[in-house]
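Enquirer: Following this line is input_37.pdb, made up of PDB, C-alpha atoms:
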MODEL        1
ATOM      1  CA  MET M 230       0.000   0.000   0.000
ATOM      2  CA  PHE M 231       1.361   3.380  -0.987
ATOM      3  CA  GLU M 232       0.034   6.413   0.864
ATOM      4  CA  VAL M 233       0.912   9.557  -1.067
ATOM      5  CA  ASP M 234       0.502  12.922   0.621
ATOM      6  CA  LEU M 235       2.246  16.223   1.228
ATOM      7  CA  PRO M 236       5.559  15.813   3.079
ATOM      8  CA  ILE M 237       4.230  17.485   6.259
ATOM      9  CA  ASN M 238       1.235  15.107   6.318
ATOM     10  CA  ILE M 239       3.432  12.059   5.710
ATOM     11  CA  ALA M 240       5.643  13.068   8.645
ATOM     12  CA  ARG M 241       2.557  13.284  10.862
ATOM     13  CA  LYS M 242       1.303   9.907   9.648
ATOM     14  CA  GLU M 243       4.716   8.315  10.265
ATOM     15  CA  ALA M 244       4.684   9.611  13.842
ATOM     16  CA  LEU M 245       1.154   8.302  14.417
ATOM     17  CA  VAL M 246       1.962   4.881  12.988
ATOM     18  CA  ARG M 247       5.134   4.713  15.080
ATOM     19  CA  ARG M 248       3.187   5.591  18.259
ATOM     20  CA  ALA M 249       0.340   3.191  17.492
ATOM     21  CA  LEU M 250       2.302   0.234  16.106
ATOM     22  CA  GLY M 251       5.885   0.830  17.177
ATOM     23  CA  GLY M 252       6.989   1.053  13.567
ATOM     24  CA  GLN M 253       5.783   1.089  10.031
ATOM     25  CA  PRO M 254       4.484  -2.221   8.604
ATOM     26  CA  ALA M 255       6.593  -3.470   5.692
ATOM     27  CA  SER M 256       3.529  -3.446   3.442
ATOM     28  CA  VAL M 257       2.884   0.276   3.991
ATOM     29  CA  HIS M 258       4.880   2.865   2.088
ATOM     30  CA  LEU M 259       4.415   6.505   3.061
ATOM     31  CA  VAL M 260       5.383   8.609   0.045
ATOM     32  CA  PRO M 261       5.884  12.362   0.494
ATOM     33  CA  VAL M 262       4.806  14.172  -2.679
ATOM     34  CA  ASP M 263       3.898  17.720  -3.542
ATOM     35  CA  PHE M 264       1.751  17.192  -6.647
ATOM     36  CA  GLU M 265       2.521  20.757  -7.771
ATOM     37  CA  ARG M 266       6.296  20.265  -7.764
ATOM     38  CA  ASP M 267       7.339  16.623  -7.515
ATOM     39  CA  GLU M 268       7.362  13.925 -10.163
ATOM     40  CA  LEU M 269       4.891  11.318  -8.905
ATOM     41  CA  ALA M 270       6.393   8.446 -10.922
ATOM     42  CA  ALA M 271       9.887   9.010  -9.540
ATOM     43  CA  GLU M 272       8.694   9.330  -5.949
ATOM     44  CA  LEU M 273       6.574   6.165  -6.140
ATOM     45  CA  ALA M 274       9.436   4.244  -7.778
ATOM     46  CA  LYS M 275      11.796   5.328  -4.967
ATOM     47  CA  HIS M 276       9.423   3.649  -2.541
ATOM     48  CA  GLY M 277       9.137   0.408  -4.503
ATOM     49  CA  HIS M 278       5.998   0.860  -6.590
ATOM     50  CA  ARG M 279       6.131  -1.201  -9.788
ATOM     51  CA  ALA M 280       4.321   0.739 -12.502
ATOM     52  CA  GLU M 281       3.856  -2.372 -14.658
ATOM     53  CA  GLY M 282       1.534  -3.971 -12.088
ATOM     54  CA  ARG M 283      -2.199  -3.385 -11.970
ATOM     55  CA  THR M 284      -2.938  -0.802  -9.314
ATOM     56  CA  PHE M 285      -6.004   0.509  -7.543
ATOM     57  CA  PHE M 286      -5.505   4.258  -7.166
ATOM     58  CA  ILE M 287      -7.591   6.189  -4.645
ATOM     59  CA  TRP M 288      -7.240   9.942  -5.091
ATOM     60  CA  GLU M 289      -9.679  11.341  -2.569
ATOM     61  CA  GLY M 290     -10.031  14.977  -1.555
ATOM     62  CA  VAL M 291      -7.019  16.143  -3.549
ATOM     63  CA  THR M 292      -7.892  17.444  -7.021
ATOM     64  CA  GLN M 293      -9.589  20.631  -5.843
ATOM     65  CA  TYR M 294      -6.409  21.716  -4.030
ATOM     66  CA  LEU M 295      -4.317  21.447  -7.190
ATOM     67  CA  THR M 296      -3.916  23.583 -10.258
ATOM     68  CA  GLU M 297      -5.183  22.168 -13.528
ATOM     69  CA  ASP M 298      -1.553  21.638 -14.591
ATOM     70  CA  ALA M 299      -0.865  19.477 -11.523
ATOM     71  CA  VAL M 300      -4.061  17.460 -12.036
ATOM     72  CA  ARG M 301      -3.144  16.885 -15.673
ATOM     73  CA  ALA M 302       0.443  15.955 -14.728
ATOM     74  CA  THR M 303      -0.939  13.310 -12.363
ATOM     75  CA  PHE M 304      -3.260  11.994 -15.060
ATOM     76  CA  SER M 305      -0.292  11.905 -17.449
ATOM     77  CA  TYR M 306       1.406   9.604 -14.940
ATOM     78  CA  LEU M 307      -1.795   7.557 -14.624
ATOM     79  CA  GLN M 308      -1.908   7.230 -18.410
ATOM     80  CA  GLY M 309       0.996   4.804 -18.116
ATOM     81  CA  ALA M 310      -0.786   2.607 -15.562
ATOM     82  CA  ALA M 311      -1.162  -1.059 -16.397
ATOM     83  CA  SER M 312      -4.278  -2.178 -18.211
ATOM     84  CA  GLY M 313      -6.907  -3.282 -15.726
ATOM     85  CA  SER M 314      -5.866  -0.716 -13.124
ATOM     86  CA  ARG M 315      -8.664   1.089 -11.319
ATOM     87  CA  LEU M 316      -9.023   4.688 -10.186
ATOM     88  CA  VAL M 317     -11.399   6.379  -7.764
ATOM     89  CA  PHE M 318     -11.094  10.123  -7.381
ATOM     90  CA  THR M 319     -13.149  12.991  -6.079
ATOM     91  CA  TYR M 320     -13.620  16.410  -7.569
ATOM     92  CA  VAL M 321     -15.452  19.622  -6.785
ATOM     93  CA  GLN M 322     -17.851  21.035  -9.338
ATOM     94  CA  ARG M 323     -16.224  23.637 -11.598
ATOM     95  CA  ASP M 324     -18.985  26.205 -11.117
ATOM     96  CA  PHE M 325     -18.263  26.252  -7.376
ATOM     97  CA  ILE M 326     -14.605  27.003  -8.102
ATOM     98  CA  ASP M 327     -15.537  29.908 -10.383
ATOM     99  CA  GLY M 328     -18.208  31.133  -7.937
ATOM    100  CA  THR M 329     -21.246  30.832 -10.215
ATOM    101  CA  ASN M 330     -22.942  28.161  -8.041
ATOM    102  CA  LEU M 331     -22.215  27.871  -4.335
ATOM    103  CA  TYR M 332     -24.463  24.819  -3.782
ATOM    104  CA  GLY M 333     -25.699  26.287  -0.520
ATOM    105  CA  SER M 334     -22.140  26.378   0.826
ATOM    106  CA  LYS M 335     -21.315  30.072   1.142
ATOM    107  CA  SER M 336     -19.080  29.477   4.159
ATOM    108  CA  ALA M 337     -17.114  26.779   2.306
ATOM    109  CA  TYR M 338     -16.702  29.136  -0.639
ATOM    110  CA  ARG M 339     -15.410  31.909   1.627
ATOM    111  CA  LYS M 340     -13.012  29.471   3.294
ATOM    112  CA  PHE M 341     -11.643  27.674   0.240
ATOM    113  CA  ARG M 342     -11.998  30.226  -2.550
ATOM    114  CA  GLY M 343     -12.451  33.600  -0.891
ATOM    115  CA  LYS M 344      -9.946  34.142   1.873
ATOM    116  CA  ARG M 345      -7.135  31.754   1.063
ATOM    117  CA  GLN M 346      -7.803  30.588  -2.505
ATOM    118  CA  ILE M 347      -6.771  27.021  -1.687
ATOM    119  CA  TRP M 348      -9.202  25.247  -4.043
ATOM    120  CA  HIS M 349      -8.257  25.652  -7.693
ATOM    121  CA  PHE M 350      -9.563  22.834  -9.877
ATOM    122  CA  GLY M 351     -13.012  21.550 -10.680
ATOM    123  CA  LEU M 352     -14.915  19.545 -13.265
ATOM    124  CA  TYR M 353     -18.538  19.230 -14.304
ATOM    125  CA  PRO M 354     -19.982  15.715 -14.022
ATOM    126  CA  ASP M 355     -20.789  15.658 -17.743
ATOM    127  CA  GLU M 356     -17.145  16.323 -18.715
ATOM    128  CA  VAL M 357     -15.460  13.684 -16.522
ATOM    129  CA  ALA M 358     -15.753  10.857 -19.078
ATOM    130  CA  ASP M 359     -14.008  12.902 -21.771
ATOM    131  CA  PHE M 360     -11.422  14.188 -19.304
ATOM    132  CA  VAL M 361     -10.311  10.724 -18.154
ATOM    133  CA  ALA M 362     -10.509   9.388 -21.733
ATOM    134  CA  GLU M 363      -7.779  11.878 -22.705
ATOM    135  CA  TYR M 364      -5.507   9.730 -20.514
ATOM    136  CA  ASP M 365      -6.783   6.323 -21.723
ATOM    137  CA  TRP M 366      -9.148   5.712 -18.807
ATOM    138  CA  GLN M 367     -12.797   4.776 -19.137
ATOM    139  CA  LEU M 368     -15.320   6.256 -16.731
ATOM    140  CA  VAL M 369     -17.381   3.447 -15.210
ATOM    141  CA  GLU M 370     -19.513   5.300 -12.694
ATOM    142  CA  GLN M 371     -19.944   8.586 -10.884
ATOM    143  CA  ALA M 372     -21.474   9.221  -7.500
ATOM    144  CA  GLY M 373     -23.174  12.490  -6.725
ATOM    145  CA  PRO M 374     -25.801  13.441  -4.169
ATOM    146  CA  ASP M 375     -28.573  11.194  -5.531
ATOM    147  CA  TYR M 376     -26.266   8.171  -5.386
ATOM    148  CA  PHE M 377     -25.267   8.859  -1.780
ATOM    149  CA  VAL M 378     -28.856   9.419  -0.686
ATOM    150  CA  ARG M 379     -30.062   6.250  -2.435
ATOM    151  CA  HIS M 380     -27.227   3.962  -1.310
ATOM    152  CA  TYR M 381     -26.220   5.276   2.107
ATOM    153  CA  ILE M 382     -28.558   7.823   3.641
ATOM    154  CA  ALA M 383     -31.986   6.334   2.832
ATOM    155  CA  PRO M 384     -31.032   2.736   3.784
ATOM    156  CA  ALA M 385     -29.911   4.069   7.170
ATOM    157  CA  GLY M 386     -33.402   5.487   7.678
ATOM    158  CA  ARG M 387     -32.103   9.044   7.722
ATOM    159  CA  ASN M 388     -33.992  11.937   6.175
ATOM    160  CA  LEU M 389     -31.024  13.948   4.949
ATOM    161  CA  THR M 390     -29.787  15.399   1.703
ATOM    162  CA  ALA M 391     -26.283  15.211   0.250
ATOM    163  CA  SER M 392     -24.278  18.076  -1.176
ATOM    164  CA  ASN M 393     -23.966  18.488  -4.931
ATOM    165  CA  LEU M 394     -20.579  20.133  -4.425
ATOM    166  CA  GLU M 395     -18.187  17.153  -4.409
ATOM    167  CA  TRP M 396     -18.550  14.078  -6.628
ATOM    168  CA  SER M 397     -16.729  10.756  -6.866
ATOM    169  CA  ALA M 398     -15.678   9.065 -10.090
ATOM    170  CA  TYR M 399     -14.643   5.453 -10.753
ATOM    171  CA  ALA M 400     -12.615   4.621 -13.878
ATOM    172  CA  GLU M 401     -10.778   1.655 -15.352
ATOM    173  CA  LYS M 402      -7.599   1.685 -17.421
ATOM    174  CA  ALA M 403      -8.097   0.279 -20.894
TER     175      ALA M 403
ENDMDL
END
So that I can check it, write out the structure of this file as structure tokens.
Expert:
Amino acid sequence: MFEVDLPINIARKEALVRRALGGQPASVHLVPVDFERDELAAELAKHGHRAEGRTFFIWEGVTQYLTEDAVRATFSYLQGAASGSRLVFTYVQRDFIDGTNLYGSKSAYRKFRGKRQIWHFGLYPDEVADFVAEYDWQLVEQAGPDYFVRHYIAPAGRNLTASNLEWSAYAEKA
């Protein structure tokens, strides 16, 4: 298992694992990467990842923090993934990033786009298939608010809604 995160977060995770387990399990590789500056392929290879093997990539809660160039650089790396690899990633809707639809989340907009400008990248659900196809991935499924209500909230007997702001996408490498 390869956990890729910013160097400061990896250092924190290493300390937590050391405290909880006394050391890092041999099967866990904590990989410090700044997606804006570092070459993902080189950093993963340094930690023993074999790019020729099928891989299940989980890229959760990251894309919105990156510039489009960094997202595309990561997808360029993913383009070389072995056939049969899988990818799950989340993204924030593009119109939230540009401020034309706040999805009832004014405070989130102020926090992530207003004051500190820390969210940069977004997609629309109807453009995800074409976006991943540029990198030889095929979109299998997306999960937005209706999916989460139908599969998680309603079965739990809860009468709640789900935000339309962040979506999940599942793709397979051709």
Enquirer: What does the PyMOL selection byres ((chain M and resi 273-284) around 10) select in this file, as a ChimeraX atom specification?
Expert: /M:230-233,257-262,268-272,285-287,306-307,309-316,402
Enquirer: Just the number, please: distance in Å from CA of Pro354 (chain M) to CA of Thr319 (chain M), one decimal.
Expert: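 That distance, rounded to one decimal, is 10.8 Å.
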Enquirer: With the PyMOL selection byres ((chain M and resi 325) around 10) as the selection, what would be picked from this file? Answer as a PyMOL selection string, please.
Expert: chain M and resi 321-324+326-332+334-335+337-338+342+348+350-353+393-395
Enquirer: Name every residue that the PyMOL selection byres ((chain M and resi 236) around 8) selects in this structure, writing the answer as a PyMOL selection string with chains first and numbers rising.
Expert: chain M and resi 234-235+237-240+260-263
Enquirer: Give me, please, the distance in Å between CA of Phe304 (chain M) and CA of Phe360 (chain M), quoted to one decimal.
Expert: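 Rounded to one decimal, the two atoms are 9.5 Å apart.
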Enquirer: Between CA of Ser256 (chain M) and CA of Val317 (chain M), what is the distance, to one decimal in Å?
Expert: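 Computing the Euclidean distance for CA of Ser256 (chain M) and CA of Val317 (chain M) yields 21.1 Å.
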Enquirer: From the set M:Gln308, M:Gln371, M:Ser336, M:Asn388, which residue has the shortest atom-to-atom contact distance to Ala403 (chain M), counting only C-alpha atoms?
Expert: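 For Ala403 (chain M), the nearest of the given residues is M:Gln308.
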Enquirer: Quick one: residues within 8 Å of Gln367 (chain M), all atoms listed in the file counted, chain neighbours fewer than 5 positions away excluded, as a list in words?
Expert: Ala358, Val361, Ala362, Ala400, Glu401, Lys402 and Ala403 of chain M
Enquirer: Restricting the calculation to only C-alpha atoms, which member of M:Trp288, M:Val378, M:Ala299, M:Gln293 is positioned closest to Asp267 (chain M)?
Expert: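 Of M:Trp288, M:Val378, M:Ala299, M:Gln293, the one nearest Asp267 (chain M) is M:Ala299, counting only C-alpha atoms.
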